$ cat coords_24.csv   # CSV, C-alpha atoms and all ligand atoms
chain,number,residue,atom,x,y,z
A,1,MET,CA,73.7,-72.9,6.5
A,2,THR,CA,77.4,-73.5,7.2
A,3,ALA,CA,80.0,-73.7,4.4
A,4,LYS,CA,80.2,-77.2,2.8
A,5,ARG,CA,83.9,-77.7,3.9
A,6,ILE,CA,82.9,-77.7,7.5
A,7,ALA,CA,81.2,-81.1,7.0
A,8,ASN,CA,84.6,-82.7,6.5
A,9,ILE,CA,86.1,-81.4,9.8
A,10,GLN,CA,86.1,-84.1,12.4
A,11,PRO,CA,86.1,-83.3,16.1
A,12,PHE,CA,88.6,-85.1,18.4
A,13,TYR,CA,86.9,-88.3,19.6
A,14,VAL,CA,89.1,-88.1,22.7
A,15,MET,CA,87.3,-84.9,23.7
A,16,ASP,CA,84.2,-86.9,24.5
A,17,LEU,CA,86.3,-89.2,26.6
A,18,LEU,CA,87.8,-86.2,28.4
A,19,ALA,CA,84.4,-84.8,29.1
A,20,ARG,CA,83.2,-88.1,30.5
A,21,ALA,CA,86.4,-88.3,32.6
A,22,ARG,CA,85.6,-84.9,34.0
A,23,GLU,CA,82.1,-86.1,34.9
A,24,LEU,CA,83.5,-89.1,36.7
A,25,GLN,CA,86.0,-87.0,38.5
A,26,ALA,CA,83.2,-84.6,39.6
A,27,GLN,CA,81.5,-87.7,41.1
A,28,GLY,CA,84.6,-88.4,43.1
A,29,ARG,CA,86.2,-91.1,40.9
A,30,GLU,CA,90.0,-90.9,40.4
A,31,VAL,CA,90.8,-90.9,36.7
A,32,ILE,CA,94.3,-91.6,35.5
A,33,HIS,CA,95.0,-89.6,32.3
A,34,LEU,CA,97.1,-91.2,29.7
A,35,GLU,CA,95.4,-89.4,26.9
A,36,VAL,CA,96.8,-85.9,27.4
A,37,GLY,CA,99.1,-84.6,24.6
A,38,GLU,CA,101.0,-82.0,26.6
A,39,PRO,CA,103.7,-82.2,29.3
A,40,ASP,CA,102.3,-82.4,32.8
A,41,PHE,CA,105.2,-80.2,33.9
A,42,THR,CA,104.5,-76.5,34.2
A,43,THR,CA,106.6,-74.0,32.3
A,44,PRO,CA,110.1,-73.7,33.8
A,45,GLN,CA,110.2,-71.0,36.4
A,46,PRO,CA,112.8,-68.7,34.6
A,47,VAL,CA,110.4,-68.5,31.7
A,48,ILE,CA,107.4,-67.7,33.9
A,49,ASP,CA,109.5,-65.0,35.6
A,50,ALA,CA,110.4,-63.6,32.2
A,51,GLY,CA,106.7,-63.5,31.2
A,52,GLN,CA,105.8,-61.7,34.5
A,53,ARG,CA,108.7,-59.2,33.9
A,54,ALA,CA,107.4,-58.5,30.4
A,55,LEU,CA,104.0,-57.7,31.8
A,56,ALA,CA,105.4,-55.6,34.7
A,57,GLU,CA,107.4,-53.6,32.1
A,58,GLY,CA,104.3,-52.9,30.1
A,59,LYS,CA,105.3,-55.0,27.1
A,60,THR,CA,101.7,-55.3,26.1
A,61,HIS,CA,101.7,-54.1,22.5
A,62,TYR,CA,101.9,-55.8,19.2
A,63,THR,CA,105.3,-56.9,17.9
A,64,PRO,CA,106.2,-56.9,14.1
A,65,ALA,CA,104.0,-59.4,12.3
A,66,LEU,CA,106.9,-61.8,11.6
A,67,GLY,CA,107.8,-61.7,15.3
A,68,LEU,CA,110.0,-60.0,17.9
A,69,PRO,CA,113.4,-59.4,16.1
A,70,GLU,CA,115.3,-60.5,19.3
A,71,LEU,CA,113.4,-63.8,19.3
A,72,ARG,CA,114.0,-64.5,15.6
A,73,GLU,CA,117.7,-63.8,16.2
A,74,ALA,CA,117.8,-66.0,19.3
A,75,LEU,CA,116.3,-68.9,17.3
A,76,SER,CA,118.8,-68.4,14.6
A,77,ARG,CA,121.6,-68.7,17.3
A,78,TRP,CA,119.7,-71.8,18.7
A,79,TYR,CA,120.1,-73.5,15.3
A,80,ALA,CA,123.7,-72.5,15.0
A,81,GLU,CA,124.6,-73.6,18.5
A,82,ARG,CA,122.5,-76.8,18.8
A,83,PHE,CA,122.5,-78.0,15.2
A,84,ASP,CA,125.5,-76.3,13.8
A,85,ILE,CA,123.5,-74.9,10.9
A,86,ASP,CA,123.1,-71.4,9.5
A,87,VAL,CA,119.4,-70.4,9.5
A,88,SER,CA,119.1,-66.6,9.0
A,89,ALA,CA,116.7,-64.8,11.4
A,90,GLY,CA,115.0,-63.4,8.3
A,91,ARG,CA,113.7,-66.9,7.4
A,92,ILE,CA,112.1,-67.4,10.9
A,93,VAL,CA,108.5,-66.5,11.4
A,94,ILE,CA,107.0,-66.4,14.9
A,95,THR,CA,103.4,-67.8,15.0
A,96,PRO,CA,100.7,-68.2,17.7
A,97,GLY,CA,101.4,-71.9,18.2
A,98,SER,CA,102.5,-74.2,15.4
A,99,SER,CA,98.8,-74.7,14.7
A,100,THR,CA,98.6,-71.3,13.1
A,101,GLY,CA,101.9,-71.9,11.4
A,102,LEU,CA,100.6,-75.0,9.8
A,103,GLN,CA,97.5,-73.2,8.5
A,104,MET,CA,99.6,-70.4,7.1
A,105,LEU,CA,101.7,-72.9,5.2
A,106,MET,CA,98.7,-74.6,3.8
A,107,SER,CA,97.1,-71.3,2.8
A,108,ALA,CA,100.3,-70.4,1.0
A,109,LEU,CA,101.0,-73.8,-0.7
A,110,VAL,CA,97.7,-75.5,-1.5
A,111,ASP,CA,95.1,-74.6,-4.1
A,112,PRO,CA,91.5,-75.9,-4.1
A,113,GLY,CA,91.5,-79.4,-5.5
A,114,ASP,CA,95.2,-80.1,-4.7
A,115,ARG,CA,96.1,-83.4,-3.1
A,116,VAL,CA,98.3,-83.3,0.1
A,117,LEU,CA,100.0,-86.5,1.2
A,118,LEU,CA,99.9,-87.2,5.0
A,119,PRO,CA,101.1,-90.2,6.9
A,120,ASP,CA,98.3,-92.3,8.5
A,121,PRO,CA,98.2,-92.6,11.5
A,122,GLY,CA,99.2,-88.9,12.0
A,123,TYR,CA,98.3,-85.7,13.7
A,124,PRO,CA,94.6,-85.3,13.1
A,125,CYS,CA,94.4,-81.6,12.6
A,126,ASN,CA,96.6,-81.7,9.4
A,127,ARG,CA,93.9,-83.3,7.3
A,128,ASN,CA,91.4,-80.7,8.6
A,129,PHE,CA,93.8,-77.9,7.6
A,130,VAL,CA,93.8,-79.5,4.1
A,131,TYR,CA,90.0,-79.5,4.0
A,132,LEU,CA,90.0,-75.8,5.0
A,133,CYS,CA,91.9,-75.1,1.8
A,134,ASP,CA,89.2,-77.1,-0.2
A,135,ALA,CA,91.9,-79.6,-1.0
A,136,GLU,CA,92.1,-83.4,-0.6
A,137,PRO,CA,94.2,-85.2,2.1
A,138,VAL,CA,95.7,-88.4,0.8
A,139,SER,CA,96.7,-91.0,3.4
A,140,LEU,CA,100.1,-92.7,3.2
A,141,ALA,CA,99.6,-95.8,5.3
A,142,VAL,CA,102.5,-96.3,7.7
A,143,SER,CA,102.9,-99.2,10.1
A,144,ALA,CA,105.1,-100.8,12.7
A,145,GLU,CA,106.7,-102.9,9.9
A,146,ASN,CA,108.1,-99.8,8.2
A,147,GLU,CA,108.9,-98.1,11.6
A,148,TRP,CA,105.8,-95.8,11.0
A,149,ILE,CA,107.8,-93.9,8.4
A,150,PRO,CA,106.6,-93.1,4.8
A,151,THR,CA,109.1,-94.2,2.2
A,152,PRO,CA,110.2,-92.2,-0.9
A,153,ARG,CA,108.7,-95.0,-3.0
A,154,GLN,CA,105.3,-94.7,-1.3
A,155,VAL,CA,105.4,-90.9,-2.0
A,156,ALA,CA,106.3,-91.4,-5.6
A,157,ASP,CA,103.5,-94.0,-6.1
A,158,SER,CA,100.9,-91.7,-4.5
A,159,TRP,CA,102.0,-88.5,-6.3
A,160,ASP,CA,100.2,-87.2,-9.4
A,161,SER,CA,99.9,-83.9,-11.3
A,162,ASN,CA,97.4,-82.6,-8.7
A,163,THR,CA,99.7,-83.3,-5.8
A,164,SER,CA,101.5,-80.3,-4.4
A,165,LEU,CA,102.6,-81.0,-0.9
A,166,MET,CA,103.6,-83.7,1.6
A,167,MET,CA,103.8,-83.4,5.4
A,168,VAL,CA,105.7,-85.5,7.8
A,169,ALA,CA,106.5,-85.1,11.5
A,170,SER,CA,109.6,-86.2,13.3
A,171,PRO,CA,109.3,-87.1,16.2
A,172,ALA,CA,105.7,-88.1,15.2
A,173,ASN,CA,102.4,-88.0,16.9
A,174,PRO,CA,100.9,-90.6,17.7
A,175,THR,CA,103.7,-93.1,17.0
A,176,GLY,CA,106.8,-91.4,18.5
A,177,ALA,CA,108.7,-92.4,15.3
A,178,VAL,CA,111.8,-90.4,14.5
A,179,LEU,CA,113.2,-90.2,11.0
A,180,SER,CA,116.9,-90.8,10.6
A,181,GLN,CA,118.7,-88.0,8.8
A,182,GLN,CA,119.1,-90.4,5.8
A,183,GLN,CA,115.4,-91.1,5.7
A,184,LEU,CA,114.7,-87.4,5.9
A,185,GLU,CA,117.1,-86.5,3.2
A,186,ALA,CA,115.7,-89.2,1.0
A,187,LEU,CA,112.2,-87.8,1.4
A,188,VAL,CA,113.5,-84.2,0.8
A,189,GLN,CA,115.2,-85.4,-2.4
A,190,GLN,CA,112.1,-87.3,-3.6
A,191,ILE,CA,109.8,-84.3,-3.1
A,192,LYS,CA,112.3,-82.1,-4.9
A,193,THR,CA,112.4,-84.5,-7.8
A,194,LEU,CA,108.6,-84.6,-7.9
A,195,GLY,CA,108.5,-80.8,-7.9
A,196,GLY,CA,106.4,-80.4,-4.8
A,197,TYR,CA,106.9,-79.0,-1.3
A,198,LEU,CA,107.6,-80.8,2.0
A,199,ILE,CA,106.5,-79.6,5.4
A,200,VAL,CA,108.5,-81.2,8.3
A,201,ASP,CA,106.8,-80.8,11.7
A,202,GLU,CA,109.5,-80.7,14.3
A,203,ILE,CA,107.4,-79.7,17.2
A,204,TYR,CA,108.6,-82.6,19.3
A,205,GLN,CA,112.2,-81.8,18.5
A,206,GLY,CA,114.2,-82.0,21.8
A,207,LEU,CA,112.1,-84.9,23.0
A,208,SER,CA,114.2,-87.7,21.4
A,209,TYR,CA,115.6,-90.4,23.5
A,210,GLU,CA,118.0,-92.4,21.4
A,211,THR,CA,119.7,-89.9,19.1
A,212,ALA,CA,120.5,-86.2,19.4
A,213,PRO,CA,117.7,-83.9,18.2
A,214,ALA,CA,118.0,-83.3,14.5
A,215,THR,CA,116.4,-81.0,11.9
A,216,ALA,CA,115.5,-81.2,8.2
A,217,LEU,CA,117.0,-77.8,7.8
A,218,GLU,CA,120.3,-79.5,7.1
A,219,PHE,CA,118.9,-80.2,3.7
A,220,ASP,CA,117.5,-78.3,0.7
A,221,ALA,CA,116.1,-74.8,1.5
A,222,GLU,CA,113.9,-74.2,-1.6
A,223,HIS,CA,111.3,-76.9,-1.2
A,224,LEU,CA,111.3,-77.3,2.5
A,225,PHE,CA,109.2,-75.7,5.3
A,226,VAL,CA,109.8,-76.5,8.9
A,227,VAL,CA,107.3,-76.1,11.7
A,228,ASN,CA,108.3,-75.8,15.3
A,229,SER,CA,106.8,-74.8,18.6
A,230,PHE,CA,107.5,-73.8,22.2
A,231,SER,CA,104.6,-76.1,23.3
A,232,LYS,CA,106.2,-79.5,23.9
A,233,TYR,CA,109.9,-79.6,24.7
A,234,PHE,CA,109.7,-76.1,26.2
A,235,GLY,CA,106.6,-76.9,28.1
A,236,MET,CA,104.7,-73.8,27.0
A,237,THR,CA,101.5,-75.1,25.5
A,238,GLY,CA,99.3,-72.4,27.0
A,239,TRP,CA,101.5,-69.6,25.9
A,240,ARG,CA,100.6,-70.3,22.3
A,241,LEU,CA,103.8,-69.8,20.5
A,242,GLY,CA,105.5,-71.5,17.6
A,243,TRP,CA,107.7,-70.7,14.6
A,244,LEU,CA,108.2,-71.5,11.0
A,245,VAL,CA,111.4,-71.6,8.9
A,246,VAL,CA,110.5,-70.9,5.3
A,247,PRO,CA,112.6,-70.4,2.1
A,248,GLU,CA,113.7,-66.8,1.7
A,249,SER,CA,111.3,-66.2,-1.2
A,250,PHE,CA,108.3,-67.0,1.0
A,251,VAL,CA,109.1,-64.5,3.8
A,252,PRO,CA,107.0,-61.7,2.2
A,253,ILE,CA,104.1,-64.1,1.8
A,254,MET,CA,104.3,-65.1,5.4
A,255,ASP,CA,104.5,-61.5,6.4
A,256,LYS,CA,101.3,-60.7,4.5
A,257,LEU,CA,99.5,-63.7,6.0
A,258,ALA,CA,100.7,-62.9,9.5
A,259,GLN,CA,99.6,-59.3,9.2
A,260,ASN,CA,96.1,-60.4,8.1
A,261,LEU,CA,95.6,-63.5,10.2
A,262,TYR,CA,96.9,-62.4,13.7
A,263,LEU,CA,98.9,-59.2,13.5
A,264,SER,CA,101.5,-60.6,15.8
A,265,ALA,CA,102.0,-63.6,18.1
A,266,PRO,CA,101.4,-63.0,21.8
A,267,THR,CA,104.0,-60.4,22.9
A,268,ILE,CA,104.4,-61.6,26.5
A,269,SER,CA,104.9,-65.1,25.3
A,270,GLN,CA,107.6,-64.0,22.9
A,271,TYR,CA,109.6,-62.3,25.7
A,272,ALA,CA,109.2,-65.3,27.9
A,273,ALA,CA,110.4,-67.6,25.0
A,274,LEU,CA,113.7,-65.6,24.9
A,275,GLU,CA,114.3,-67.0,28.4
A,276,ALA,CA,113.3,-70.6,27.4
A,277,LEU,CA,116.2,-70.7,25.0
A,278,LYS,CA,118.8,-69.8,27.7
A,279,ALA,CA,121.0,-72.3,29.5
A,280,GLU,CA,119.2,-72.1,32.9
A,281,SER,CA,115.9,-73.2,31.3
A,282,VAL,CA,117.5,-75.8,29.0
A,283,THR,CA,119.0,-77.5,32.1
A,284,ILE,CA,115.5,-77.9,33.5
A,285,LEU,CA,114.1,-79.0,30.1
A,286,GLU,CA,116.8,-81.6,29.8
A,287,GLN,CA,116.0,-83.0,33.2
A,288,ARG,CA,112.4,-83.3,32.1
A,289,ARG,CA,113.4,-85.1,28.9
A,290,ASP,CA,115.2,-87.6,31.1
A,291,ALA,CA,112.0,-88.0,33.1
A,292,PHE,CA,110.1,-88.7,29.9
A,293,ARG,CA,112.6,-91.3,28.9
A,294,GLN,CA,112.3,-93.1,32.2
A,295,ARG,CA,108.5,-93.0,31.9
A,296,ARG,CA,108.7,-94.5,28.4
A,297,ASP,CA,111.1,-97.2,29.6
A,298,TYR,CA,108.7,-98.0,32.4
A,299,LEU,CA,105.5,-98.1,30.3
A,300,TYR,CA,106.7,-99.8,27.1
A,301,PRO,CA,107.5,-103.3,28.7
A,302,GLN,CA,104.4,-103.0,30.9
A,303,LEU,CA,102.1,-102.6,28.0
A,304,GLN,CA,103.8,-105.5,26.2
A,305,GLN,CA,103.3,-107.7,29.3
A,306,LEU,CA,99.6,-106.7,29.3
A,307,GLY,CA,99.4,-108.1,25.7
A,308,PHE,CA,99.6,-104.9,23.6
A,309,LYS,CA,101.8,-105.3,20.6
A,310,LEU,CA,104.5,-102.7,20.1
A,311,SER,CA,107.5,-102.8,17.8
A,312,GLN,CA,110.7,-100.9,18.7
A,313,PRO,CA,110.5,-98.5,21.7
A,314,PRO,CA,109.5,-95.3,20.0
A,315,GLN,CA,112.4,-92.9,19.9
A,316,GLY,CA,110.7,-89.6,20.6
A,317,ALA,CA,107.7,-87.4,21.6
A,318,PHE,CA,105.8,-88.8,24.6
A,319,TYR,CA,103.5,-91.4,23.0
A,320,LEU,CA,103.2,-95.2,22.6
A,321,TYR,CA,101.0,-96.3,19.8
A,322,ALA,CA,100.0,-99.8,20.7
A,323,ASP,CA,98.3,-102.5,18.7
A,324,CYS,CA,95.4,-103.9,20.9
A,325,SER,CA,94.1,-106.5,18.3
A,326,GLU,CA,94.9,-109.4,20.6
A,327,LEU,CA,92.9,-107.8,23.4
A,328,CYS,CA,89.8,-106.4,21.7
A,329,ASP,CA,88.0,-106.0,18.4
A,330,ASP,CA,87.4,-102.2,18.6
A,331,SER,CA,89.8,-99.8,20.3
A,332,PHE,CA,87.1,-97.1,20.5
A,333,SER,CA,84.7,-99.1,22.7
A,334,PHE,CA,87.8,-100.5,24.6
A,335,CYS,CA,88.7,-96.9,25.5
A,336,HIS,CA,85.2,-96.1,26.7
A,337,GLN,CA,84.9,-99.3,28.8
A,338,LEU,CA,88.4,-98.8,30.3
A,339,LEU,CA,87.3,-95.3,31.4
A,340,GLU,CA,84.0,-96.4,32.8
A,341,GLU,CA,85.1,-99.5,34.5
A,342,GLN,CA,88.7,-98.6,35.6
A,343,GLY,CA,89.0,-94.8,35.4
A,344,VAL,CA,91.9,-94.9,32.9
A,345,ALA,CA,91.7,-92.5,29.9
A,346,VAL,CA,93.6,-93.3,26.7
A,347,THR,CA,93.1,-92.1,23.1
A,348,PRO,CA,91.5,-94.3,20.5
A,349,GLY,CA,93.3,-94.9,17.2
A,350,ARG,CA,90.2,-93.4,15.4
A,351,ASP,CA,91.6,-89.9,16.2
A,352,PHE,CA,94.6,-90.4,14.1
A,353,GLY,CA,93.3,-91.6,10.7
A,354,ASN,CA,91.8,-94.5,8.8
A,355,ASN,CA,94.6,-96.9,8.8
A,356,ARG,CA,93.4,-99.8,11.1
A,357,PRO,CA,92.4,-97.3,13.9
A,358,GLN,CA,90.2,-99.9,15.6
A,359,GLN,CA,93.4,-101.9,16.3
A,360,HIS,CA,95.3,-99.1,18.0
A,361,LEU,CA,95.4,-96.9,21.1
A,362,ARG,CA,97.7,-94.1,22.0
A,363,PHE,CA,99.1,-94.0,25.5
A,364,ALA,CA,100.7,-90.6,26.4
A,365,TYR,CA,103.3,-90.8,29.2
A,366,THR,CA,102.6,-87.3,30.3
A,367,THR,CA,102.0,-88.4,33.9
A,368,SER,CA,104.1,-89.7,36.7
A,369,ILE,CA,105.4,-93.3,36.9
A,370,VAL,CA,103.5,-93.7,40.2
A,371,LYS,CA,100.2,-92.9,38.4
A,372,MET,CA,101.2,-95.1,35.4
A,373,GLN,CA,101.8,-98.0,37.8
A,374,LYS,CA,98.3,-97.6,39.1
A,375,ALA,CA,97.0,-97.4,35.5
A,376,VAL,CA,98.8,-100.6,34.5
A,377,GLU,CA,97.3,-102.4,37.5
A,378,ARG,CA,93.8,-101.2,36.6
A,379,ILE,CA,94.2,-102.2,32.9
A,380,ALA,CA,95.4,-105.6,34.0
A,381,GLY,CA,92.3,-105.8,36.2
A,382,TYR,CA,90.1,-104.9,33.3
A,383,LEU,CA,91.7,-107.4,31.0
B,1,LIG,C1,102.4,-83.2,15.6
B,1,LIG,C2,101.8,-81.9,16.1
B,1,LIG,N1,101.9,-80.8,15.4
B,1,LIG,C3,101.4,-79.7,15.8
B,1,LIG,C4,100.7,-79.6,17.1
B,1,LIG,C5,100.2,-78.2,17.5
B,1,LIG,O1,100.8,-77.7,18.6
B,1,LIG,P1,100.9,-76.2,19.0
B,1,LIG,O2,99.8,-75.4,18.3
B,1,LIG,O3,100.6,-76.2,20.5
B,1,LIG,O4,102.3,-75.7,18.7
B,1,LIG,C6,100.6,-80.7,17.8
B,1,LIG,C7,99.9,-80.7,19.1
B,1,LIG,O5,99.6,-81.7,19.8
B,1,LIG,C8,101.1,-82.0,17.4
B,1,LIG,O6,101.1,-83.1,18.1
$ encode --input "coords_24.csv" --output "structure tokens"
Amino acid sequence: MTAKRIANIQPFYVMDLLARARELQAQGREVIHLEVGEPDFTTPQPVIDAGQRALAEGKTHYTPALGLPELREALSRWYAERFDIDVSAGRIVITPGSSTGLQMLMSALVDPGDRVLLPDPGYPCNRNFVYLCDAEPVSLAVSAENEWIPTPRQVADSWDSNTSLMMVASPANPTGAVLSQQQLEALVQQIKTLGGYLIVDEIYQGLSYETAPATALEFDAEHLFVVNSFSKYFGMTGWRLGWLVVPESFVPIMDKLAQNLYLSAPTISQYAALEALKAESVTILEQRRDAFRQRRDYLYPQLQQLGFKLSQPPQGAFYLYADCSELCDDSFSFCHQLLEEQGVAVTPGRDFGNNRPQQHLRFAYTTSIVKMQKAVERIAGYL
């Protein structure tokens, strides 16, 4: 018998599609992948070199649980130089991917039976993290009409005495929505007034195309927790490295959790990450950001021409969350048919929540424009 909470944990539906895509590829079919949520670029070479140097120098032991002191300092400087804000290294906690950071925050902030507010559609793992705390995820429906952004009013209306926490991501997965600093500040204020905590997931920070990257750390430090990662902008998904910024009073709690849950984040990755924050790597990363913008600017009008409904071009991340209601009744079977008949893989809305999932699909522009051109032709053929 497994624990009862496991029954609530949903697998990713897209994984079945991916498995089928692999089968088709093994049969010699060419599949175009628009479902993958990670950059197609490999990690910048200076970062790979730094990882190899760390290995050659025998940096193969644990670091302190909160992270390599040099990396925490380097991130503190990163905030000072890029965002002009003072975030002390002492508040920065290095984690094995932001996934572990999110679980640590949930463990520290959520009691069994608590309610946690989450935008829907949103990153699917969050509600599963809530279930792992024997708590209840509560959907805040967001839509193209409100720019996919939860409003302070919505938060207040959904809050009750059992609600302890709200989470939001900017830029967001799957919508690419970016909160303006005013919208973010209004949410921070609302949560403060309600006496709860706010987690802002900034793991797509750096991948914004209309405005300079921003951070919620500009605001209140007592009720706010920021999650970040080397996965997306820095192109280091496989190195499993992220970080948290927590209020000063939570540092000993995070230390205790880190000691028990993972002892330390991967040491080689932490040395490599030091290089990722340096100018040489950032130049490469900014070129990649430009490439993502060009891809977005290609795919967005193409999808519209095909009959998908999209509001504003999403401002960040590398996703387009398209309404397919004029083209099909059920995005899930649409995804399966598109893969079987045309060899194009996209993610069904069902992976992102319960808010009209059958009307939506997520296209990830994590592949070249040439491949996307082919995908667009194939989708047109299918339609
Ligand atoms: C919004 C969001 N948060 C967190 C994660 C977890 O990423 P990682 O554990 O690689 O840092 C992802 C991954 O896709 C994501 O999309």
$ residues_near_ligand --input "coords_24.csv" --ligand "ligand LIG 1 (chain B)" --cutoff "10 Å" --atoms "only C-alpha atoms and all ligand atoms" --output "PyMOL selection string"
chain A and resi 36-38+95-102+122-126+168-174+176+200-204+227-232+235-243+317-319
$ residues_around --input "coords_24.csv" --residues "Leu184 of chain A" --least-positions-apart "3" --cutoff "12 Å" --atoms "all atoms listed in the file" --output "ChimeraX atom specification"
/A:149-152,167-171,178-181,187-191,198-202,214-220,224
$ residues_near_point --input "coords_24.csv" --point "(105.1, -53.2, 19.6)" --cutoff "12 Å" --atoms "only C-alpha atoms" --output "compact mmCIF listing (two decimals) with C-alpha atoms, keeping the file's coordinate frame"
# COMPACT_ATOMS: atom_id res chain seq x y z
CA GLY A 58 104.30 -52.90 30.10
CA LYS A 59 105.30 -55.00 27.10
CA THR A 60 101.70 -55.30 26.10
CA HIS A 61 101.70 -54.10 22.50
CA TYR A 62 101.90 -55.80 19.20
CA THR A 63 105.30 -56.90 17.90
CA PRO A 64 106.20 -56.90 14.10
CA ALA A 65 104.00 -59.40 12.30
CA LEU A 66 106.90 -61.80 11.60
CA GLY A 67 107.80 -61.70 15.30
CA LEU A 68 110.00 -60.00 17.90
CA PRO A 69 113.40 -59.40 16.10
CA LEU A 263 98.90 -59.20 13.50
CA SER A 264 101.50 -60.60 15.80
CA ALA A 265 102.00 -63.60 18.10
CA PRO A 266 101.40 -63.00 21.80
CA THR A 267 104.00 -60.40 22.90
CA ILE A 268 104.40 -61.60 26.50
CA GLN A 270 107.60 -64.00 22.90
CA TYR A 271 109.60 -62.30 25.70
$ atom_distance --input "coords_24.csv" --atom1 "atom CA of Phe352 of chain A" --atom2 "atom CA of Gln304 of chain A"
21.4 Å
$ atom_distance --input "coords_24.csv" --atom1 "atom CA of Thr283 of chain A" --atom2 "atom CA of Ser208 of chain A"
15.5 Å
$ residues_around --input "coords_24.csv" --residues "segment 249-251 of chain A" --least-positions-apart "2" --cutoff "12 Å" --atoms "all atoms listed in the file" --output "mmCIF file with C-alpha atoms, in the frame of the given file"
data_model
loop_
_atom_site.group_PDB
_atom_site.id
_atom_site.type_symbol
_atom_site.label_atom_id
_atom_site.label_comp_id
_atom_site.auth_asym_id
_atom_site.auth_seq_id
_atom_site.Cartn_x
_atom_site.Cartn_y
_atom_site.Cartn_z
ATOM 1 C CA ALA A 65 104.000 -59.400 12.300
ATOM 2 C CA LEU A 66 106.900 -61.800 11.600
ATOM 3 C CA GLY A 67 107.800 -61.700 15.300
ATOM 4 C CA SER A 88 119.100 -66.600 9.000
ATOM 5 C CA ALA A 89 116.700 -64.800 11.400
ATOM 6 C CA GLY A 90 115.000 -63.400 8.300
ATOM 7 C CA ARG A 91 113.700 -66.900 7.400
ATOM 8 C CA ILE A 92 112.100 -67.400 10.900
ATOM 9 C CA VAL A 93 108.500 -66.500 11.400
ATOM 10 C CA ILE A 94 107.000 -66.400 14.900
ATOM 11 C CA MET A 104 99.600 -70.400 7.100
ATOM 12 C CA LEU A 105 101.700 -72.900 5.200
ATOM 13 C CA ALA A 108 100.300 -70.400 1.000
ATOM 14 C CA LEU A 109 101.000 -73.800 -0.700
ATOM 15 C CA ALA A 221 116.100 -74.800 1.500
ATOM 16 C CA GLU A 222 113.900 -74.200 -1.600
ATOM 17 C CA HIS A 223 111.300 -76.900 -1.200
ATOM 18 C CA LEU A 224 111.300 -77.300 2.500
ATOM 19 C CA PHE A 225 109.200 -75.700 5.300
ATOM 20 C CA LEU A 244 108.200 -71.500 11.000
ATOM 21 C CA VAL A 245 111.400 -71.600 8.900
ATOM 22 C CA VAL A 246 110.500 -70.900 5.300
ATOM 23 C CA PRO A 247 112.600 -70.400 2.100
ATOM 24 C CA ILE A 253 104.100 -64.100 1.800
ATOM 25 C CA MET A 254 104.300 -65.100 5.400
ATOM 26 C CA ASP A 255 104.500 -61.500 6.400
ATOM 27 C CA LYS A 256 101.300 -60.700 4.500
ATOM 28 C CA LEU A 257 99.500 -63.700 6.000
ATOM 29 C CA ALA A 258 100.700 -62.900 9.500
#
$ decode --input "coords_24.csv" --residues "segment 155-165 of chain A" --atoms "N, CA and C atoms" --output "PDB file, in the first residue's frame"
ATOM      1  N   VAL A 155      -7.131  37.222  -5.410  1.00  0.00           N
ATOM      2  CA  VAL A 155      -6.440  36.627  -4.258  1.00  0.00           C
ATOM      3  C   VAL A 155      -7.271  36.852  -3.001  1.00  0.00           C
ATOM      4  N   ALA A 156      -7.722  38.092  -2.805  1.00  0.00           N
ATOM      5  CA  ALA A 156      -8.514  38.410  -1.603  1.00  0.00           C
ATOM      6  C   ALA A 156      -9.788  37.571  -1.569  1.00  0.00           C
ATOM      7  N   ASP A 157     -10.440  37.423  -2.731  1.00  0.00           N
ATOM      8  CA  ASP A 157     -11.699  36.670  -2.778  1.00  0.00           C
ATOM      9  C   ASP A 157     -11.494  35.183  -2.463  1.00  0.00           C
ATOM     10  N   SER A 158     -10.313  34.663  -2.794  1.00  0.00           N
ATOM     11  CA  SER A 158     -10.075  33.225  -2.590  1.00  0.00           C
ATOM     12  C   SER A 158      -9.436  32.924  -1.240  1.00  0.00           C
ATOM     13  N   TRP A 159      -9.029  33.962  -0.538  1.00  0.00           N
ATOM     14  CA  TRP A 159      -8.297  33.765   0.731  1.00  0.00           C
ATOM     15  C   TRP A 159      -9.269  33.434   1.850  1.00  0.00           C
ATOM     16  N   ASP A 160      -8.879  32.557   2.764  1.00  0.00           N
ATOM     17  CA  ASP A 160      -9.652  32.389   3.993  1.00  0.00           C
ATOM     18  C   ASP A 160      -8.687  32.060   5.130  1.00  0.00           C
ATOM     19  N   SER A 161      -9.225  31.753   6.302  1.00  0.00           N
ATOM     20  CA  SER A 161      -8.345  31.595   7.468  1.00  0.00           C
ATOM     21  C   SER A 161      -7.437  30.366   7.346  1.00  0.00           C
ATOM     22  N   ASN A 162      -7.740  29.459   6.411  1.00  0.00           N
ATOM     23  CA  ASN A 162      -6.865  28.294   6.224  1.00  0.00           C
ATOM     24  C   ASN A 162      -5.827  28.516   5.123  1.00  0.00           C
ATOM     25  N   THR A 163      -5.848  29.691   4.507  1.00  0.00           N
ATOM     26  CA  THR A 163      -4.920  29.931   3.397  1.00  0.00           C
ATOM     27  C   THR A 163      -3.636  30.544   3.953  1.00  0.00           C
ATOM     28  N   SER A 164      -2.502  29.979   3.527  1.00  0.00           N
ATOM     29  CA  SER A 164      -1.235  30.458   4.082  1.00  0.00           C
ATOM     30  C   SER A 164      -0.305  31.012   3.021  1.00  0.00           C
ATOM     31  N   LEU A 165      -0.530  30.620   1.767  1.00  0.00           N
ATOM     32  CA  LEU A 165       0.518  30.853   0.773  1.00  0.00           C
ATOM     33  C   LEU A 165      -0.071  31.044  -0.603  1.00  0.00           C
TER      34      LEU A 165
END
